[in-house]
Amino acid sequence: MMPDKVLLETMARFLPPESFSAATEDLSLLPFNFERTRTNQYLVANVVGDFVRLSEDELNRLVDLQVRPGDGLYEKAYAAHLVTGANQKAQRQLLAARLRSRMSFLQQTTPLHIFVVTLRCEHSCPYCQVSRQSTDRSRFDMSEETAMRALDIAFASPTARIKIEFQGGEPLLNFPLIRKIVAAAKQRSGKKLDFVIASNLALLDDAVLEFCKANNVLLSTSLDGPADLHNKNRPRPGANSHELAVAGIRRAREILGPDMIGALMTTTEASLDRVDEIIDEYLQLGLDGIFLRPLSPFGFAIKTKQFAKYDAQKWLAFYERGLRRVLEINRQGTPFREFYAALLLTRVLSDRSIGYVDLRSPAGAGLGALVYNYDGSVFASDEGRMLAETGDDAFRLGHVEHDSYNSLILSDKLIGAISSSLTQCAPECSTCVYESHCGADPVYHHATQGDALGIKPLSAFCARQKGIMGLLLDILENSPQDAAILRRWAAA
């Protein structure tokens, strides 16, 4: 957040001129990071991620503590929490309270529990992140015994509210088990419960919709864009993936309500020149926003070489076109969000903790989610499960048959992955001006670089994060009408 004139004047009232001399005699720097953005200009961020622009001369004067009350820089630096004095205990307490609020997600340990109820799927998406099977229910479906053991672990999480998400394969291929898990979870006491089924909706019928309505189950699906693009990305027998997904979305909105169905897209090479059409598809269905996602480097996205077909810069160009299209839609009077920007803006413009595991440090792996595979194996994240399907068990924490919640969370594998990837102390991350708003992703860096920490200048994850945040700051500073829209997203 950029300190403005009102904020500076407010700070000046708390520090009247007669107190400035005493305050500056023992002036010291608070932690901050900076990055050159243009010739003779730097972007500077304090420990909670408030941003301010300084010239090279101002930055040098600040570092040398050559600032005095009334010179403008002193007031700017104080308002941005870049300097403090021995008598400014209240200022430091405020900064600590804000940091505590931003890190409050650590008090909600493992709120998300993903049950992979089957590996079977009737789609054959070339960029699918997992291995999929079309037959052999006995080998690739989760058993009831495994599910109940996984439920024991999920309920051992100390958080008061947990979300149980059903994934696959296509989870509706094992819908009877979903019924049993939901019933068993609701019979237990002590936790508030949320349920999600992540489905391609091809098998959605009245029985599933009635169950979801009776148990307040949210549906999440995939929609990659217009029919030709979606069907190319998500082939199935009959070539009607798009038709079934759209029909399922409309039916779910009608029966469950517009807030009980969400859709996600994945950007393939074929998507790069079609962002307007993709967004229009979401608008036509009455959806309230879109999440513009890149391909992930897991499973079949690697085997079929889909992941290598575009780089971070091409995706960032796609993302910027999409974001500006979404802002245009809002300017025309239709509320519609880009959800990833909304998440980042919540981080940048407020101190609220967010639940999105990819924007956490310590990493969300294990601490934010556990994944129970169809065979009983437990993973630190869904991406870790995807790696295992291609032979890499680096993020397999244990098994429901012989592990408890504590043994999984305190396992050497999980502690090692999390401790090695903290952005607050990781090379390149700890000095990055965007560190406060980013997250650690040890699974991504292990998959792409063979190391949980990763070499951040070579990281596409890092390039995308910095590119998006730089774009959002540019809009906030230079486009007042669009900035007002972005601020509404962050406040939602």
# chains A, B, ... in the order shown; residues from 1 in each chain; ligands from 1
>>> select_by_dssp(residues="segment 247-367 of chain A", states="strand (DSSP E or B)", output="PyMOL selection string")
chain A and resi 261-264+289-290+337-338+365
>>> residues_around(residues="Val246 of chain A", least_positions_apart="3", cutoff="9 Å", atoms="only C-alpha atoms", output="VMD selection string")
chain A and resid 201 223 241 to 243 249 to 251 285
>>> closest_residue(among="A:Ala447, A:Leu359, A:Leu410, A:Ile485", to="Phe336 of chain A", atoms="only C-alpha atoms")
A:Ile485
>>> atom_distance(atom1="atom CA of Asn46 of chain A", atom2="atom CA of Ile354 of chain A")
19.5 Å
>>> residues_around(residues="segment 312-324 of chain A", least_positions_apart="6", cutoff="6 Å", atoms="only C-alpha atoms", output="PyMOL selection string")
chain A and resi 272+275+460
>>> closest_residue(among="A:Val182, A:Leu422, A:Val196, A:Leu292", to="Met260 of chain A", atoms="only C-alpha atoms")
A:Val196
>>> residues_around(residues="Pro294 of chain A", least_positions_apart="5", cutoff="9 Å", atoms="only C-alpha atoms", output="PyMOL selection string")
chain A and resi 265-268+307+312+315
>>> residues_around(residues="Asp152 of chain A", least_positions_apart="5", cutoff="9 Å", atoms="only C-alpha atoms", output="PyMOL selection string")
chain A and resi 147+400+404-405
